[in-house]
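A.B. asks: Below: one structure in structure tokens.
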Amino acid sequence: MARIHSKKYRAAARAKAKVAAERQYLEEIHQLPCPSCDAQNTSLILYGLPSFDDQLKQDLDKGLISLGRCDLMETNPKLRCNQCGYEWG
């Protein structure tokens, strides 16, 4: 019986761990100081056409994620200061 549920359990545990790691990463980025104004209110810039779900809406409302443009280039900045709007990274 344990063997039947072990694959599903491991997959669910990995998915849960991945979500927790992503949340922790966003929280750590949010605390990075801005090189322009030193505010610790930074967001990760998300480029492309994201699928809007409840989690993305919450992250946008909290300022953990900012929406970028649709063009995906290596030179695009990765971080944005929510205080002064400076983009870097």
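Chains: A, B, ... in order of the structure tokens. Residues: from 1 per chain. Ligands: from 1, in order shown.
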Got a sec to tell me which of chain A DSSP assigns to alpha helix (DSSP H), as an NGL selection string?

C.D. replies: :A and (2-30 or 54-62)

A.B. asks: Which neighbours of A:Arg69 fall inside 9 Å, counting only C-alpha atoms, when residues of the same chain fewer than 2 positions from it are skipped, and could you give them as a PDB file with N, CA, C and O atoms, in the first residue's frame?

C.D. replies:
ATOM      1  N   LEU A  46       8.699  40.314 -14.582  1.00  0.00           N
ATOM      2  CA  LEU A  46       8.226  39.154 -15.338  1.00  0.00           C
ATOM      3  C   LEU A  46       7.930  39.601 -16.768  1.00  0.00           C
ATOM      4  O   LEU A  46       7.103  40.477 -16.984  1.00  0.00           O
ATOM      5  N   TYR A  47       8.629  39.015 -17.724  1.00  0.00           N
ATOM      6  CA  TYR A  47       8.461  39.363 -19.133  1.00  0.00           C
ATOM      7  C   TYR A  47       7.616  38.315 -19.854  1.00  0.00           C
ATOM      8  O   TYR A  47       7.471  37.198 -19.391  1.00  0.00           O
ATOM      9  N   GLY A  48       7.082  38.699 -21.004  1.00  0.00           N
ATOM     10  CA  GLY A  48       6.286  37.780 -21.809  1.00  0.00           C
ATOM     11  C   GLY A  48       4.804  37.937 -21.518  1.00  0.00           C
ATOM     12  O   GLY A  48       4.358  38.968 -21.021  1.00  0.00           O
ATOM     13  N   LEU A  49       4.054  36.921 -21.834  1.00  0.00           N
ATOM     14  CA  LEU A  49       2.609  36.927 -21.609  1.00  0.00           C
ATOM     15  C   LEU A  49       2.267  35.902 -20.535  1.00  0.00           C
ATOM     16  O   LEU A  49       2.050  34.732 -20.830  1.00  0.00           O
ATOM     17  N   LEU A  67       5.303  43.573 -13.947  1.00  0.00           N
ATOM     18  CA  LEU A  67       5.172  43.107 -15.326  1.00  0.00           C
ATOM     19  C   LEU A  67       6.067  43.929 -16.226  1.00  0.00           C
ATOM     20  O   LEU A  67       6.085  45.153 -16.158  1.00  0.00           O
ATOM     21  N   ASP A  71       8.754  41.714 -25.160  1.00  0.00           N
ATOM     22  CA  ASP A  71       9.979  41.300 -25.834  1.00  0.00           C
ATOM     23  C   ASP A  71      10.949  40.666 -24.844  1.00  0.00           C
ATOM     24  O   ASP A  71      11.211  41.195 -23.788  1.00  0.00           O
ATOM     25  N   LEU A  72      11.446  39.505 -25.194  1.00  0.00           N
ATOM     26  CA  LEU A  72      12.359  38.758 -24.330  1.00  0.00           C
ATOM     27  C   LEU A  72      13.774  38.885 -24.871  1.00  0.00           C
ATOM     28  O   LEU A  72      14.102  38.322 -25.913  1.00  0.00           O
TER      29      LEU A  72
END

A.B. asks: What's the separation between atom CA of A:Ser43 and atom CA of A:Cys81, in Å to one decimal place?

C.D. replies: 6.4 Å

A.B. asks: In Å, with one decimal, what is the gap from atom CA of A:Asn41 to atom CA of A:Gly68?

C.D. replies: 16.9 Å

A.B. asks: Taking into account only C-alpha atoms, which residue in the set A:Ile65, A:Leu44, A:Leu26, A:Leu56 is nearest to A:Pro77?

C.D. replies: A:Leu44

A.B. asks: Of the candidates A:Lys18, A:Lys8, A:Glu28, A:Asp38, which shows the shortest atom-to-atom distance to A:Tyr86, using only C-alpha atoms?

C.D. replies: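 Nearest candidate to A:Tyr86 out of A:Lys18, A:Lys8, A:Glu28, A:Asp38: A:Asp38.
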
A.B. asks: For a test of reading the model, state the distance in Å between atom CA of A:Leu60 and atom CA of A:Arg23, rounded to one decimal.

C.D. replies: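 Separating atom CA of A:Leu60 from atom CA of A:Arg23 is a distance of 13.0 Å.
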
A.B. asks: Please provide as a PyMOL selection string all residues within 7 Å of A:Thr42, with the sequence filter that same-chain residues fewer than 5 positions apart are discarded (counting only C-alpha atoms).

C.D. replies: chain A and resi 29-32+34+79-82

A.B. asks: Can you write just those residues out, all heavy atoms, as an mmCIF file, in the first residue's frame?

C.D. replies:
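Output file result35.cif follows:
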data_model
loop_
_atom_site.group_PDB
_atom_site.id
_atom_site.type_symbol
_atom_site.label_atom_id
_atom_site.label_comp_id
_atom_site.auth_asym_id
_atom_site.auth_seq_id
_atom_site.Cartn_x
_atom_site.Cartn_y
_atom_site.Cartn_z
ATOM 1 N N ILE A 29 14.250 38.593 -2.807
ATOM 2 C CA ILE A 29 14.426 39.656 -3.797
ATOM 3 C C ILE A 29 13.746 40.935 -3.315
ATOM 4 O O ILE A 29 14.271 42.028 -3.490
ATOM 5 C CB ILE A 29 13.866 39.216 -5.168
ATOM 6 C CG1 ILE A 29 14.829 38.245 -5.814
ATOM 7 C CG2 ILE A 29 13.631 40.407 -6.080
ATOM 8 C CD1 ILE A 29 14.372 37.700 -7.130
ATOM 9 N N HIS A 30 12.594 40.805 -2.703
ATOM 10 C CA HIS A 30 11.837 41.968 -2.232
ATOM 11 C C HIS A 30 12.646 42.785 -1.225
ATOM 12 O O HIS A 30 12.428 43.980 -1.088
ATOM 13 C CB HIS A 30 10.515 41.490 -1.622
ATOM 14 C CG HIS A 30 9.541 42.589 -1.368
ATOM 15 N ND1 HIS A 30 9.051 43.397 -2.370
ATOM 16 C CD2 HIS A 30 8.969 43.023 -0.223
ATOM 17 C CE1 HIS A 30 8.218 44.267 -1.849
ATOM 18 N NE2 HIS A 30 8.149 44.064 -0.557
ATOM 19 N N GLN A 31 13.592 42.155 -0.523
ATOM 20 C CA GLN A 31 14.394 42.833 0.495
ATOM 21 C C GLN A 31 15.698 43.413 -0.049
ATOM 22 O O GLN A 31 16.427 44.074 0.687
ATOM 23 C CB GLN A 31 14.707 41.868 1.645
ATOM 24 C CG GLN A 31 13.484 41.351 2.362
ATOM 25 C CD GLN A 31 12.630 42.467 2.939
ATOM 26 O OE1 GLN A 31 13.159 43.415 3.507
ATOM 27 N NE2 GLN A 31 11.336 42.374 2.784
ATOM 28 N N LEU A 32 16.030 43.175 -1.334
ATOM 29 C CA LEU A 32 17.262 43.705 -1.899
ATOM 30 C C LEU A 32 17.204 45.231 -1.960
ATOM 31 O O LEU A 32 16.193 45.796 -2.362
ATOM 32 C CB LEU A 32 17.488 43.158 -3.309
ATOM 33 C CG LEU A 32 17.869 41.693 -3.435
ATOM 34 C CD1 LEU A 32 17.929 41.302 -4.900
ATOM 35 C CD2 LEU A 32 19.196 41.433 -2.761
ATOM 36 N N CYS A 34 17.768 48.926 -3.428
ATOM 37 C CA CYS A 34 17.856 49.558 -4.741
ATOM 38 C C CYS A 34 19.191 50.290 -4.841
ATOM 39 O O CYS A 34 19.566 51.026 -3.932
ATOM 40 C CB CYS A 34 16.699 50.537 -4.912
ATOM 41 S SG CYS A 34 16.818 51.582 -6.381
ATOM 42 N N LEU A 79 15.272 43.296 -12.215
ATOM 43 C CA LEU A 79 14.707 43.809 -10.963
ATOM 44 C C LEU A 79 14.233 45.244 -11.139
ATOM 45 O O LEU A 79 14.782 45.999 -11.939
ATOM 46 C CB LEU A 79 15.760 43.750 -9.848
ATOM 47 C CG LEU A 79 16.351 42.379 -9.556
ATOM 48 C CD1 LEU A 79 17.528 42.512 -8.600
ATOM 49 C CD2 LEU A 79 15.307 41.459 -8.983
ATOM 50 N N ARG A 80 13.208 45.610 -10.366
ATOM 51 C CA ARG A 80 12.661 46.969 -10.397
ATOM 52 C C ARG A 80 12.423 47.437 -8.960
ATOM 53 O O ARG A 80 11.904 46.682 -8.135
ATOM 54 C CB ARG A 80 11.346 47.011 -11.161
ATOM 55 C CG ARG A 80 10.673 48.385 -11.146
ATOM 56 C CD ARG A 80 9.356 48.398 -11.878
ATOM 57 N NE ARG A 80 9.610 48.199 -13.304
ATOM 58 C CZ ARG A 80 8.817 47.514 -14.111
ATOM 59 N NH1 ARG A 80 7.732 46.938 -13.645
ATOM 60 N NH2 ARG A 80 9.098 47.389 -15.388
ATOM 61 N N CYS A 81 12.798 48.678 -8.691
ATOM 62 C CA CYS A 81 12.521 49.273 -7.390
ATOM 63 C C CYS A 81 11.082 49.774 -7.392
ATOM 64 O O CYS A 81 10.694 50.549 -8.272
ATOM 65 C CB CYS A 81 13.488 50.422 -7.123
ATOM 66 S SG CYS A 81 13.158 51.282 -5.563
ATOM 67 N N ASN A 82 10.307 49.351 -6.424
ATOM 68 C CA ASN A 82 8.916 49.800 -6.328
ATOM 69 C C ASN A 82 8.819 51.215 -5.789
ATOM 70 O O ASN A 82 7.771 51.843 -5.907
ATOM 71 C CB ASN A 82 8.116 48.853 -5.440
ATOM 72 C CG ASN A 82 7.972 47.474 -6.046
ATOM 73 O OD1 ASN A 82 7.890 47.328 -7.261
ATOM 74 N ND2 ASN A 82 7.949 46.448 -5.223
#
